[in-house]
Amino acid sequence: MIEGRAMGAMGANCYIFACPESKKAVIIDPGADGKRIHRWVVEKGLTVDYILLTHGHVDHIGAVDELRVLLGNVLVGIHAGDAGMLTDGMKNLSSLMGRGLVLQSADLLLQDGQEIAVGNEKLKVIATPGHSPGCVCFLSNEGLFSGDTLFAGSIGRTDFPGGSLDQLLKGVKDKLMILPDDTRVFPGHGEETSIGEEKRDNPYLT
């Protein structure tokens, strides 16, 4: 089961991925509105074991520590390349907005190819640096959570510290465009798309 909602002033998509049988779940990219996300989880009757982050920018991590408190026994995972962003307001860009967000360190450092069990389901980590040094996507049996790597008709910006257009394009073409055309894509901002649609219509990839 996948559900997504845009959160916060920057409208970053937060997703819940859950196993229907066990009701185990993960929250992906809780950027804001922690109490709202918590109510969402409770209404669904889910048990959240992990908060997983596609990268460490403020609009994707802003509600992490609030949810740690609300949910209790939950593990936070981010790729090592972005782990320092959780504890540094300059690195996660919040200081540029006058917030200076500093969070607890991650519990898990995600690695390319790693599989995370969610009840009877799995999420596979796909490292796609470029938008940030530790940007990742998560592949499930229902689709791809692409974070700020791939959008409908676009790709992530690469002008932030640690960004690389060459790296991003290589990751998208070598790791994402090889997925089946009917793979659903759930991006960090904006509307759902598919791998096939992006192969045909994305100006950065055609």
# chains A, B, ... in the order shown; residues from 1 in each chain; ligands from 1
>>> closest_atom_pairs(of="stretch 118-143 of chain A", to="stretch 172-195 of chain A", cutoff="12 Å", atoms="only C-alpha atoms", output="JSON lines")
{"residue": "A:Val125", "atom": "CA", "partner": "A:Lys175", "partner_atom": "CA", "distance": 11.1}
{"residue": "A:Ile126", "atom": "CA", "partner": "A:Lys175", "partner_atom": "CA", "distance": 7.5}
{"residue": "A:Ala127", "atom": "CA", "partner": "A:Lys175", "partner_atom": "CA", "distance": 8.6}
{"residue": "A:Thr128", "atom": "CA", "partner": "A:Val172", "partner_atom": "CA", "distance": 7.0}
{"residue": "A:Pro129", "atom": "CA", "partner": "A:Val172", "partner_atom": "CA", "distance": 9.4}
{"residue": "A:Gly130", "atom": "CA", "partner": "A:Val172", "partner_atom": "CA", "distance": 9.6}
{"residue": "A:His131", "atom": "CA", "partner": "A:Val172", "partner_atom": "CA", "distance": 11.2}
{"residue": "A:Cys135", "atom": "CA", "partner": "A:Gly188", "partner_atom": "CA", "distance": 11.5}
{"residue": "A:Val136", "atom": "CA", "partner": "A:Val172", "partner_atom": "CA", "distance": 10.7}
{"residue": "A:Cys137", "atom": "CA", "partner": "A:Leu176", "partner_atom": "CA", "distance": 9.0}
{"residue": "A:Phe138", "atom": "CA", "partner": "A:Phe186", "partner_atom": "CA", "distance": 9.7}
{"residue": "A:Leu139", "atom": "CA", "partner": "A:Val185", "partner_atom": "CA", "distance": 9.2}
{"residue": "A:Ser140", "atom": "CA", "partner": "A:Thr183", "partner_atom": "CA", "distance": 9.7}
{"residue": "A:Asn141", "atom": "CA", "partner": "A:Thr183", "partner_atom": "CA", "distance": 9.0}
{"residue": "A:Glu142", "atom": "CA", "partner": "A:Arg184", "partner_atom": "CA", "distance": 7.0}
{"residue": "A:Gly143", "atom": "CA", "partner": "A:Arg184", "partner_atom": "CA", "distance": 4.6}
>>> write_last_selection(atoms="C-alpha atoms", output="compact mmCIF listing (two decimals), in the first residue's frame")
# COMPACT_ATOMS: atom_id res chain seq x y z
CA VAL A 125 17.82 1.22 -1.86
CA ILE A 126 19.09 2.64 -5.17
CA ALA A 127 21.83 5.23 -4.77
CA THR A 128 21.38 8.10 -7.24
CA PRO A 129 23.70 10.94 -6.17
CA GLY A 130 23.53 14.24 -7.97
CA HIS A 131 20.82 16.30 -6.33
CA CYS A 135 20.47 10.95 -2.70
CA VAL A 136 18.70 7.61 -2.98
CA CYS A 137 15.52 6.16 -4.42
CA PHE A 138 13.49 3.31 -2.92
CA LEU A 139 12.08 0.57 -5.15
CA SER A 140 9.06 -1.45 -4.03
CA ASN A 141 6.84 -3.96 -5.75
CA GLU A 142 4.35 -1.10 -6.28
CA GLY A 143 6.72 1.50 -7.67
>>> select_by_dssp(residues="stretch 1-47 of chain A", states="alpha helix (DSSP H)", output="ChimeraX atom specification")
/A:34-44
>>> write_last_selection(atoms="N, CA and C atoms", output="mmCIF file, in the first residue's frame")
data_model
loop_
_atom_site.group_PDB
_atom_site.id
_atom_site.type_symbol
_atom_site.label_atom_id
_atom_site.label_comp_id
_atom_site.auth_asym_id
_atom_site.auth_seq_id
_atom_site.Cartn_x
_atom_site.Cartn_y
_atom_site.Cartn_z
ATOM 1 N N GLY A 34 4.458 17.044 11.416
ATOM 2 C CA GLY A 34 4.613 15.758 12.081
ATOM 3 C C GLY A 34 3.344 15.240 12.728
ATOM 4 N N LYS A 35 2.586 16.121 13.383
ATOM 5 C CA LYS A 35 1.344 15.668 14.037
ATOM 6 C C LYS A 35 0.331 15.189 12.999
ATOM 7 N N ARG A 36 0.288 15.856 11.862
ATOM 8 C CA ARG A 36 -0.623 15.435 10.791
ATOM 9 C C ARG A 36 -0.221 14.065 10.253
ATOM 10 N N ILE A 37 1.070 13.846 10.074
ATOM 11 C CA ILE A 37 1.548 12.539 9.602
ATOM 12 C C ILE A 37 1.229 11.464 10.631
ATOM 13 N N HIS A 38 1.416 11.784 11.901
ATOM 14 C CA HIS A 38 1.130 10.820 12.955
ATOM 15 C C HIS A 38 -0.347 10.437 12.960
ATOM 16 N N ARG A 39 -1.239 11.409 12.809
ATOM 17 C CA ARG A 39 -2.674 11.106 12.744
ATOM 18 C C ARG A 39 -2.986 10.207 11.552
ATOM 19 N N TRP A 40 -2.351 10.478 10.451
ATOM 20 C CA TRP A 40 -2.504 9.689 9.226
ATOM 21 C C TRP A 40 -2.159 8.220 9.491
ATOM 22 N N VAL A 41 -1.034 8.004 10.159
ATOM 23 C CA VAL A 41 -0.595 6.639 10.486
ATOM 24 C C VAL A 41 -1.583 5.961 11.427
ATOM 25 N N VAL A 42 -2.015 6.678 12.465
ATOM 26 C CA VAL A 42 -2.938 6.108 13.452
ATOM 27 C C VAL A 42 -4.265 5.749 12.800
ATOM 28 N N GLU A 43 -4.762 6.626 11.944
ATOM 29 C CA GLU A 43 -6.032 6.357 11.257
ATOM 30 C C GLU A 43 -5.967 5.091 10.405
ATOM 31 N N LYS A 44 -4.780 4.800 9.864
ATOM 32 C CA LYS A 44 -4.603 3.603 9.031
ATOM 33 C C LYS A 44 -4.341 2.352 9.871
#
>>> closest_residue(among="A:Glu198, A:Asp107, A:Asp166, A:Asp29", to="A:Leu150", atoms="only C-alpha atoms")
A:Glu198
>>> residues_around(residues="stretch 16-21 of chain A", least_positions_apart="2", cutoff="9 Å", atoms="only C-alpha atoms", output="VMD selection string")
chain A and resid 1 to 5 14 23 to 28 41 46 to 48 118 to 122 140
>>> closest_residue(among="A:Gly81, A:Thr206, A:Gly8, A:Leu96", to="A:Ile61", atoms="only C-alpha atoms")
A:Gly8
>>> residues_around(residues="A:Gly162", least_positions_apart="6", cutoff="12 Å", atoms="only C-alpha atoms", output="count of residues only")
17
>>> atom_distance(atom1="atom CA of A:Asn202", atom2="atom CA of A:Gly153")
4.4 Å
>>> closest_residue(among="A:Gly147, A:Pro30, A:Pro203, A:Gly11", to="A:Glu66", atoms="only C-alpha atoms")
A:Pro30
